[in-house]
There are 2 protein chains.
Amino acid sequence: MLASGVFAGVFTADYAYGRTDREGKTFGAELQRIGYRGPEKAGARKFSGYFELHIEQGPILEHEGKTIGIVQGAQGVRWYDITITGQDAHAGAMPMTLRQNALVGGARVIERVDAIARDLPNAVGTVGLLENKPNSRNVIPGEVFLTVDFRHPETMGLDWMEGQLREALADILPALQLTYREERIWTSQPVHFSPDLIDCVRDAVEIGGFSYRAMISGAGHDAVYVARVAPTTMIFVPSRGGISHNEAEWTSQEQCAAGAQVLLNAVLEYDRRLG
Amino acid sequence: MLASGVFAGVFTADYAYGRTDREGKTFGAELQRIGYRGPEKAGARKFSGYFELHIEQGPILEHEGKTIGIVQGAQGVRWYDITITGQDAHAGAMPMTLRQNALVGGARVIERVDAIARDLPNAVGTVGLLENKPNSRNVIPGEVFLTVDFRHPETMGLDWMEGQLREALADILPALQLTYREERIWTSQPVHFSPDLIDCVRDAVEIGGFSYRAMISGAGHDAVYVARVAPTTMIFVPSRGGISHNEAEWTSQEQCAAGAQVLLNAVLEYDRRLG
């Protein structure tokens with residue numbers, strides 16, 4: 001999403017050129033080397049519409065046996081860092097009633113994050129990263145760091161989950177004699193794709209006679225940035241098991257062809273409407 | 001406990017001599033170097049009794065304002081390794097209902113281990129070590145490894161906790177579409193100290209007029225091994241906050257003196273009884 005971010009004005013071109021890989025090579029120098037660093041200003045050529053065809057990267061289409069996802073928008077995302085502090089102590093000598101076990105606190109937060117997301121339709125919530133200290137078999141954990149990832153198609157949903165999270169922390173942790181720090185470290189606002197373009201995709205799906213469902217993108221895509229500067233939407237095809245960024249990623253030739261057919265028909269339909 | 005293990009016949013002397021530190025130096029060569037590798041066979045000199053004075057390494061005496069712990073024995077310990085397997089997936093694209101989140105399974109196991117130990121008097125139970133994979137902020141965890149440490153003064157208590165743990169795993173994990181492997185990797189049997197020596201310590205405490213309580217050692221000690229080959233008991237003095245193996249370890253001069261007084265009186269009393 002680096003280049004689409006420049007196109008949409010989220011990043012400057014200099015910021016993009018300065019990004020480095022693990023070997024220290026810069027994006028700008030590598031573009032130069034392969035002859036792709038052109039003189040035209042990114043974003044100068046305006047789009048009348050932007051359609052992006054992508055694998056779903058999730059299991060919903062496969063699970064429901066549908067061929068095409070008509071993407072309505074992209075979830076908003078909020079990321080939180082949480083540090084829970086107790087007191088490490090000997091696992092044999094410290095009685096249960098006097099413990100300040102940070103990992104028991106962490107466990108309850110993980111459970112609650114999962115429950116909050118299950119309580120709200122179209123929400124997801126994940127503790128993906130956890131660091132336990134001192135992380136020794138016979139020591140009661142004295143500190144746990146964990147991350148929370150909340151996503152929902154609407155800002156209101158994200159606000160509700162955030163409120164539930166903060167209530168949960170205040171409810172769970174002091175009762176276990178634990179203290180904590182919580183910080184929201186990153187936000188991506190929900191994106192609503194263009195109703196006109198979505199309508200063209202629906203026409204294209206019906207012309208092709210494909211099974212379909214409306215859906216929301218859970219992952220980030222170039223379309224999320226381009227939607228800031230042009231009418232935008234996306235078309236999803238199934239990805240087996242929802243597996244992505246992995247050699248096991250797989251979509252059948254028939255599914256790829258269906259996606260390409262819908263993309264073509266949608267672009268032709270939009271072009272017709274533009275006159 | 002390496003040397004007391006050799007004394008009690010738990011380890012061979014060669015095993016002990018062969019242990020290395022992080023720099024590769026062996027215990028045997030270092031004993032030789034400092035002149036402490038003697039010719040006498042370890043354990044050849046029999047003890048008529050063994051009294052060990054130690055800081056509690058737990059908070060109970062301090063918490064109750066008692067000066068002396070009359071130690072009845074040492075907890076048995078059982079260690080378990082548990083690996084929970086789900087499926088890692090994109091935190092945005094995988095809906096809640098289709099997840100196989102190994103960390104949610106791990107959280108419920110942590111919670112249950114804590115609850116099992118709280119349900120049984122004199123028990124402790126701890127998940128001290130947890131490894132989460134792939135441990136990335138926006139990926140649903142696909143695998144969790146965690147350890148369980150259960151301790152109780154009686155084998156029956158350890159058996160009960162083990163049964164509860166296995167029921168919990170079978171109850172919690174398949175319901176979350178998770179599989180698991182559980183293995184008990186180490187056991188230390190409960191130790192009951194000599195009633196005769198305990199009685200001498202009680203006499204000594206009463207002679208000194210110190211406040212006291214009966215207790216069980218939660219940690220391992222030389223006395224645990226020596227108890228296999230000689231009548232054995234221990235005397236505890238308070239340790240502030242239960243902190244141990246740490247520069248903040250602290251016992252007052254008065255508490256140290258009380259412990260030494262009890263040790264002396266107990267040895268004299270036992271000597272008198274031996275005639």
# chains A, B, ... in the order shown; residues from 1 in each chain; ligands from 1
>>> residues_around(residues="A:Asn135", least_positions_apart="2", cutoff="10 Å", atoms="only C-alpha atoms", output="list of chain:residue names")
A:Asp88, A:Leu103, A:Glu131, A:Asn132, A:Lys133, A:Arg137, A:Asn138, A:Val139, A:Ile140, A:Pro141, A:Gly142, A:Glu143, A:Val144, B:Val127, B:Gly128, B:Leu129, B:Leu130, B:Glu131, B:Leu146, B:Thr147
>>> select_by_dssp(residues="stretch 204-254 of chain A", states="strand (DSSP E or B)", output="MDAnalysis selection string")
chainID A and resid 212:217 232:237
>>> write_last_selection(atoms="C-alpha atoms", output="PDB file, in the first residue's frame")
ATOM      1  CA  TYR A 212     -22.313 -13.784  -4.788  1.00  0.00           C
ATOM      2  CA  ARG A 213     -22.626 -12.011  -1.484  1.00  0.00           C
ATOM      3  CA  ALA A 214     -21.996  -8.506  -0.235  1.00  0.00           C
ATOM      4  CA  MET A 215     -18.993  -8.286   2.031  1.00  0.00           C
ATOM      5  CA  ILE A 216     -16.528  -6.038   3.821  1.00  0.00           C
ATOM      6  CA  SER A 217     -12.789  -6.288   3.369  1.00  0.00           C
ATOM      7  CA  THR A 232     -13.503   2.979  -5.755  1.00  0.00           C
ATOM      8  CA  THR A 233     -14.665  -0.553  -5.127  1.00  0.00           C
ATOM      9  CA  MET A 234     -13.359  -4.125  -4.988  1.00  0.00           C
ATOM     10  CA  ILE A 235     -14.313  -7.584  -6.248  1.00  0.00           C
ATOM     11  CA  PHE A 236     -13.337 -10.671  -4.245  1.00  0.00           C
ATOM     12  CA  VAL A 237     -12.907 -14.258  -5.413  1.00  0.00           C
TER      13      VAL A 237
END
>>> residues_around(residues="A:Gly163", least_positions_apart="5", cutoff="12 Å", atoms="only C-alpha atoms", output="list in words")
Val113, Ile116, Phe150, Met156, Gly157, Leu158, Ala168, Leu169, Ala170 and Arg184 of chain A
>>> write_last_selection(atoms="C-alpha atoms", output="compact mmCIF listing (two decimals), in the first residue's frame")
# COMPACT_ATOMS: atom_id res chain seq x y z
CA VAL A 113 -11.39 -9.35 23.71
CA ILE A 116 -16.44 -8.42 22.85
CA PHE A 150 -10.23 -4.48 16.75
CA MET A 156 -19.54 3.46 16.02
CA GLY A 157 -18.66 -0.23 16.27
CA LEU A 158 -15.01 0.56 16.95
CA ALA A 168 -12.99 -4.95 30.93
CA LEU A 169 -9.48 -3.84 31.92
CA ALA A 170 -10.80 -1.78 34.84
CA ARG A 184 -4.32 3.06 21.37
>>> select_by_dssp(residues="stretch 52-205 of chain A", states="alpha helix (DSSP H)", output="VMD selection string")
chain A and resid 60 to 64 102 to 119 155 to 172 195 to 205
>>> atom_distance(atom1="atom CA of B:Glu56", atom2="atom CA of B:Asp199")
19.4 Å
>>> atom_distance(atom1="atom CA of B:Pro231", atom2="atom CA of B:Ile198")
9.8 Å
>>> residues_around(residues="B:Gly9", least_positions_apart="5", cutoff="9 Å", atoms="only C-alpha atoms", output="ChimeraX atom specification")
/B:4,42-43,225,228-229
>>> write_last_selection(atoms="N, CA, C and O atoms", output="short mmCIF file (atom, residue, chain, number, x, y, z; two decimals), in the first residue's frame")
data_model
loop_
_atom_site.label_atom_id
_atom_site.label_comp_id
_atom_site.auth_asym_id
_atom_site.auth_seq_id
_atom_site.Cartn_x
_atom_site.Cartn_y
_atom_site.Cartn_z
N SER B 4 23.59 -32.31 47.68
CA SER B 4 22.73 -33.11 48.55
C SER B 4 22.12 -34.29 47.77
O SER B 4 21.89 -35.36 48.33
N ALA B 42 30.88 -39.35 49.10
CA ALA B 42 29.73 -38.55 49.54
C ALA B 42 28.67 -39.47 50.10
O ALA B 42 28.31 -40.47 49.47
N GLY B 43 28.19 -39.15 51.28
CA GLY B 43 27.14 -39.96 51.90
C GLY B 43 27.68 -41.05 52.81
O GLY B 43 26.91 -41.73 53.48
N TYR B 225 16.22 -33.93 49.59
CA TYR B 225 17.03 -35.10 49.23
C TYR B 225 17.55 -35.83 50.47
O TYR B 225 17.50 -37.05 50.56
N ARG B 228 15.75 -38.61 52.33
CA ARG B 228 15.73 -40.00 51.85
C ARG B 228 16.67 -40.91 52.65
O ARG B 228 16.53 -42.12 52.59
N VAL B 229 17.66 -40.29 53.32
CA VAL B 229 18.70 -41.11 53.96
C VAL B 229 18.89 -40.80 55.44
O VAL B 229 19.72 -41.44 56.10
#
>>> residues_around(residues="B:Asp114", least_positions_apart="5", cutoff="9 Å", atoms="only C-alpha atoms", output="list in words")
Met96 and Val104 of chain A; Val109, Asp119, Val124, Gly125, Thr126 and Val127 of chain B
>>> residues_around(residues="A:Val205", least_positions_apart="4", cutoff="12 Å", atoms="only C-alpha atoms", output="ChimeraX atom specification")
/A:66-70,198-201,209-214,235-237,258-267,269
>>> residues_around(residues="B:Glu62", least_positions_apart="5", cutoff="9 Å", atoms="only C-alpha atoms", output="PDB file with N, CA, C and O atoms, in the first residue's frame")
ATOM      1  N   THR B  67       7.125 -15.560  63.580  1.00  0.00           N
ATOM      2  CA  THR B  67       8.582 -15.517  63.507  1.00  0.00           C
ATOM      3  C   THR B  67       9.199 -16.810  62.970  1.00  0.00           C
ATOM      4  O   THR B  67      10.200 -16.785  62.263  1.00  0.00           O
ATOM      5  N   VAL B 237      12.430 -18.889  58.654  1.00  0.00           N
ATOM      6  CA  VAL B 237      12.238 -17.533  59.183  1.00  0.00           C
ATOM      7  C   VAL B 237      11.631 -16.680  58.058  1.00  0.00           C
ATOM      8  O   VAL B 237      11.704 -17.059  56.884  1.00  0.00           O
ATOM      9  N   PRO B 238      11.009 -15.553  58.419  1.00  0.00           N
ATOM     10  CA  PRO B 238      10.309 -14.757  57.396  1.00  0.00           C
ATOM     11  C   PRO B 238      11.259 -14.185  56.348  1.00  0.00           C
ATOM     12  O   PRO B 238      12.426 -13.907  56.635  1.00  0.00           O
ATOM     13  N   SER B 239      10.760 -14.013  55.138  1.00  0.00           N
ATOM     14  CA  SER B 239      11.502 -13.265  54.115  1.00  0.00           C
ATOM     15  C   SER B 239      10.551 -12.212  53.567  1.00  0.00           C
ATOM     16  O   SER B 239       9.452 -12.528  53.130  1.00  0.00           O
ATOM     17  N   ARG B 240      10.994 -10.983  53.603  1.00  0.00           N
ATOM     18  CA  ARG B 240      10.120  -9.850  53.269  1.00  0.00           C
ATOM     19  C   ARG B 240       9.558  -9.965  51.856  1.00  0.00           C
ATOM     20  O   ARG B 240      10.330 -10.124  50.890  1.00  0.00           O
ATOM     21  N   GLY B 241       8.238  -9.933  51.747  1.00  0.00           N
ATOM     22  CA  GLY B 241       7.571 -10.004  50.446  1.00  0.00           C
ATOM     23  C   GLY B 241       7.727 -11.357  49.767  1.00  0.00           C
ATOM     24  O   GLY B 241       7.307 -11.529  48.624  1.00  0.00           O
ATOM     25  N   GLY B 242       8.355 -12.313  50.459  1.00  0.00           N
ATOM     26  CA  GLY B 242       8.589 -13.627  49.834  1.00  0.00           C
ATOM     27  C   GLY B 242       9.642 -13.572  48.748  1.00  0.00           C
ATOM     28  O   GLY B 242       9.831 -14.530  48.009  1.00  0.00           O
TER      29      GLY B 242
END
>>> decode(residues="stretch 161-257 of chain A", atoms="C-alpha atoms", output="compact mmCIF listing (two decimals), in the first residue's frame")
# COMPACT_ATOMS: atom_id res chain seq x y z
CA MET A 161 -15.49 -2.14 21.33
CA GLU A 162 -13.00 0.36 22.72
CA GLY A 163 -15.40 1.24 25.53
CA GLN A 164 -15.95 -2.45 26.29
CA LEU A 165 -12.20 -3.07 26.35
CA ARG A 166 -11.56 -0.23 28.79
CA GLU A 167 -14.40 -1.42 31.02
CA ALA A 168 -12.99 -4.95 30.93
CA LEU A 169 -9.48 -3.84 31.92
CA ALA A 170 -10.80 -1.78 34.84
CA ASP A 171 -13.07 -4.64 35.85
CA ILE A 172 -10.57 -7.51 35.60
CA LEU A 173 -7.12 -6.28 36.53
CA PRO A 174 -7.33 -4.32 39.81
CA ALA A 175 -9.40 -7.20 41.26
CA LEU A 176 -6.35 -9.42 40.67
CA GLN A 177 -4.05 -6.87 42.40
CA LEU A 178 -2.62 -5.96 39.00
CA THR A 179 -1.90 -2.56 37.48
CA TYR A 180 -1.90 -1.80 33.75
CA ARG A 181 -1.16 0.70 31.00
CA GLU A 182 -3.33 0.78 27.87
CA GLU A 183 -2.62 2.85 24.78
CA ARG A 184 -4.32 3.06 21.37
CA ILE A 185 -1.33 3.20 19.07
CA TRP A 186 -2.91 3.21 15.58
CA THR A 187 -6.23 3.85 13.86
CA SER A 188 -7.45 3.27 10.32
CA GLN A 189 -10.89 4.75 9.65
CA PRO A 190 -13.62 2.58 8.04
CA VAL A 191 -13.92 3.09 4.27
CA HIS A 192 -17.21 3.03 2.35
CA PHE A 193 -16.80 2.28 -1.34
CA SER A 194 -18.62 4.14 -4.10
CA PRO A 195 -22.32 3.14 -4.39
CA ASP A 196 -22.15 3.77 -8.17
CA LEU A 197 -19.24 1.39 -8.67
CA ILE A 198 -20.74 -1.23 -6.34
CA ASP A 199 -23.89 -1.04 -8.46
CA CYS A 200 -21.85 -1.67 -11.62
CA VAL A 201 -20.25 -4.73 -10.00
CA ARG A 202 -23.69 -6.07 -9.04
CA ASP A 203 -24.90 -5.65 -12.63
CA ALA A 204 -21.77 -7.43 -13.87
CA VAL A 205 -22.27 -10.35 -11.47
CA GLU A 206 -25.88 -10.74 -12.56
CA ILE A 207 -24.95 -10.64 -16.24
CA GLY A 208 -22.44 -13.41 -15.60
CA GLY A 209 -24.90 -15.41 -13.51
CA PHE A 210 -22.40 -15.94 -10.68
CA SER A 211 -23.36 -16.66 -7.06
CA TYR A 212 -22.31 -13.78 -4.79
CA ARG A 213 -22.63 -12.01 -1.48
CA ALA A 214 -22.00 -8.51 -0.24
CA MET A 215 -18.99 -8.29 2.03
CA ILE A 216 -16.53 -6.04 3.82
CA SER A 217 -12.79 -6.29 3.37
CA GLY A 218 -11.01 -7.28 6.56
CA ALA A 219 -7.52 -6.63 5.22
CA GLY A 220 -5.92 -3.42 3.96
CA HIS A 221 -5.73 -2.90 0.17
CA ASP A 222 -4.61 -0.24 -2.33
CA ALA A 223 -8.34 0.47 -2.78
CA VAL A 224 -8.51 1.74 0.82
CA TYR A 225 -6.13 4.60 -0.05
CA VAL A 226 -7.37 5.23 -3.61
CA ALA A 227 -10.92 5.60 -2.21
CA ARG A 228 -9.75 8.95 -0.78
CA VAL A 229 -9.23 10.45 -4.26
CA ALA A 230 -11.49 8.52 -6.66
CA PRO A 231 -14.71 6.45 -6.75
CA THR A 232 -13.50 2.98 -5.75
CA THR A 233 -14.66 -0.55 -5.13
CA MET A 234 -13.36 -4.12 -4.99
CA ILE A 235 -14.31 -7.58 -6.25
CA PHE A 236 -13.34 -10.67 -4.25
CA VAL A 237 -12.91 -14.26 -5.41
CA PRO A 238 -12.60 -17.20 -2.97
CA SER A 239 -9.27 -18.18 -1.44
CA ARG A 240 -9.06 -21.73 -0.14
CA GLY A 241 -9.06 -21.84 3.67
CA GLY A 242 -8.62 -18.07 3.70
CA ILE A 243 -4.87 -18.71 3.47
CA SER A 244 -2.86 -15.78 2.12
CA HIS A 245 0.72 -14.47 1.98
CA ASN A 246 1.67 -18.15 1.92
CA GLU A 247 2.67 -20.64 -0.81
CA ALA A 248 -0.54 -22.55 -0.04
CA GLU A 249 -2.63 -19.59 -1.30
CA TRP A 250 -5.03 -21.01 -3.91
CA THR A 251 -7.92 -19.90 -6.13
CA SER A 252 -9.17 -22.13 -8.99
CA GLN A 253 -8.82 -21.13 -12.66
CA GLU A 254 -12.63 -21.00 -12.90
CA GLN A 255 -12.83 -18.63 -9.92
CA CYS A 256 -10.08 -16.41 -11.36
CA ALA A 257 -11.92 -16.33 -14.69
